[in-house]
Amino acid sequence: MHKSGAVVAFTPPAAITQPSSSASACPYVPPENEENKPTKNASTLSKLNPLNYMPKVISNERADAQSVDLPLEREASTIPRGDGTGMWEYPSPQQMYNAMLRKGYTDTPAEHVESMVAVHNFLNEGAWAEIADWERRFGGGLRRGWDISRRGEENAPLITNILERREAMARAKPEKKDPSLVRFQGRPDEMTPKARMLQFLGWLYPSQYNTEPPFDRHDWYVRRFDADGNESERRYIIDYYSGPPEPTGEPVFFLDVRPAVDTPTAACERLVRWGGDVWWRRVEAV
C-alpha cells in the first residue's frame with residue numbers, strides 16, 4: 001500500500017497483450033559505464049524498478065538459466081510521455097529479469113520478479129499521482145496555488161475541482177496541456193537534505209519522528225505547460241519510506257514527493273503549500 005499522508009488506492013495499469021516498440025520502454029536510460037554498474041549499497045527498488053536502469057532494447061525471450069516461465073505482456077502506465085507520443089510502458093517481467101541479468105543482478109530468484117514488478121509499477125503510479133497533484137495546484141501559477149492551499153490539505157481537492165470547472169466554463173484559449181514525464185533518475189545512494197534533517201530530528205526526538213531512513217530516492221523531470229502554452233521543465237524529488245505493515249500483512253510505503261528547490265518559484269511552491277496548510281489549521285483553531 002502506498003501512503004502520502006492518507007491511504008490512496010490506485011487502479012492497476014491495463015495490460016498490453018503484445019509488446020510494443022521499445023521506444024516507450026523507459027524514461028531514463030543511463031549510459032553503459034562504470035557509474036551505472038551494480039553497487040553493493042543500491043536499494044532493491046532502484047535495482048529492479050521497471051522505469052530504472054532499462055536498456056532501450058531488451059529481449060523478451062526466456063533466459064538460459066531461468067527456472068520458471070515469466071509473463072511476456074507489458075503494462076501501460078498512466079504517465080504521459082514527455083514527447084507527446086502516449087504513455088510510458090512498463091517492461092514485462094521477462095524483460096525485467098533479462099535486464100537484471102544484463103546488469104549483473106544474478107542473485108534474484110526468477111519466481112520473485114513478477115511480484116516485484118507489480119509492486120514497483122504500483123509505486124510509480126503513486127508517485128505520478130502525487131506529482132500530478134502538485135502540477136494541478138501550481139501549474140497555473142503561485143496565486144492559483146495559494147487559492148487552493150490556503151484552505152488546508154483536506155479541502156484542496158474540492159477547491160481544485162471548483163477552480164477547474166470555473167476555468168473550463170470561462171476558457172477562451174485552448175485547454176492547457178497536462179504535465180508529462182520527460183525522464184527519470186534513481187539516486188539511492190544520495191540522501192536528500194530533507195531526509196537528512198528528518199534523520200537528525202529522529203535522533204533528537206525518537207518518539208516524534210521516524211528514525212528509519214528512506215530506502216530509495218528518485219528524481220523525476222516533468223514538462224509543465226502554463227495557461228499560455230509556455231513549457232518548462234521541473235524536477236521532482238521522491239523519498240521512499242517503509243511503514244509498519246497492515247494487520248493483514250500488506251506492506252505499506254510512504255512517498256514524500258515535492259518539487260526540487262532548483263528555482264525561486266519551486267521554493268515558493270513548497271512554502272505556499274506548507275504555509276497554506278498551517279494557516280488553515282490556525283484559522284480553524286480560533
# chains A, B, ... in the order shown; residues from 1 in each chain; ligands from 1

$ select_by_dssp --residues "region 87-131 of chain A" --states "strand (DSSP E or B)" --output "PyMOL selection string"
chain A and resi 87-90

$ closest_atom_pairs --of "region 134-234 of chain A" --to "region 240-255 of chain A" --cutoff "6 Å" --atoms "only C-alpha atoms" --output "tab-separated table"
residue	atom	partner	partner_atom	distance
A:Pro214	CA	A:Tyr241	CA	4.6
A:Phe215	CA	A:Tyr240	CA	5.8
A:Asp216	CA	A:Tyr240	CA	5.2

$ write_last_selection --atoms "C-alpha atoms" --output "CSV table (one decimal), in the first residue's frame"
chain,number,residue,atom,x,y,z
A,214,PRO,CA,14.3,6.3,3.2
A,215,PHE,CA,15.1,3.1,1.3
A,216,ASP,CA,15.3,4.9,-2.0

$ residues_around --residues "region 108-111 of chain A" --least-positions-apart "5" --cutoff "7 Å" --atoms "only C-alpha atoms" --output "list in words"
Gln66, Ser67, Val68 and Tyr97 of chain A

$ residues_around --residues "Leu271 (chain A)" --least-positions-apart "6" --cutoff "10 Å" --atoms "only C-alpha atoms" --output "number ranges by chain"
A: 146, 265, 277

$ write_last_selection --atoms "N, CA and C atoms" --output "CSV table (one decimal), in the first residue's frame"
chain,number,residue,atom,x,y,z
A,146,TRP,N,-1.9,29.3,-4.2
A,146,TRP,CA,-2.3,29.8,-2.8
A,146,TRP,C,-3.8,29.8,-2.6
A,265,THR,N,10.9,29.9,-7.8
A,265,THR,CA,9.5,29.6,-7.9
A,265,THR,C,9.2,28.2,-7.2
A,277,ASP,N,-1.4,25.2,4.6
A,277,ASP,CA,-2.0,24.2,5.5
A,277,ASP,C,-1.9,24.7,6.9

$ closest_residue --among "A:Lys177, A:Arg151, A:Arg187, A:Arg165" --to "Trp279 (chain A)" --atoms "only C-alpha atoms"
A:Arg151

$ residues_around --residues "Asp262 (chain A)" --least-positions-apart "4" --cutoff "12 Å" --atoms "only C-alpha atoms" --output "PyMOL selection string"
chain A and resi 221+233-237+258+266-270

$ write_last_selection --atoms "C-alpha atoms" --output "mmCIF file, in the first residue's frame"
data_model
loop_
_atom_site.group_PDB
_atom_site.id
_atom_site.type_symbol
_atom_site.label_atom_id
_atom_site.label_comp_id
_atom_site.auth_asym_id
_atom_site.auth_seq_id
_atom_site.Cartn_x
_atom_site.Cartn_y
_atom_site.Cartn_z
ATOM 1 C CA TYR A 221 11.851 15.502 -14.632
ATOM 2 C CA GLU A 233 10.887 21.530 -17.076
ATOM 3 C CA ARG A 234 10.533 20.863 -13.351
ATOM 4 C CA ARG A 235 12.424 18.358 -11.235
ATOM 5 C CA TYR A 236 10.596 16.467 -8.507
ATOM 6 C CA ILE A 237 12.246 14.555 -5.677
ATOM 7 C CA ARG A 258 7.920 17.559 -3.648
ATOM 8 C CA ALA A 266 9.862 25.943 -6.819
ATOM 9 C CA ALA A 267 10.874 27.077 -3.327
ATOM 10 C CA CYS A 268 7.802 29.327 -3.198
ATOM 11 C CA GLU A 269 5.531 26.460 -4.246
ATOM 12 C CA ARG A 270 6.711 24.348 -1.345
#

$ atom_distance --atom1 "CA of Arg196 (chain A)" --atom2 "CA of Asp219 (chain A)"
16.6 Å
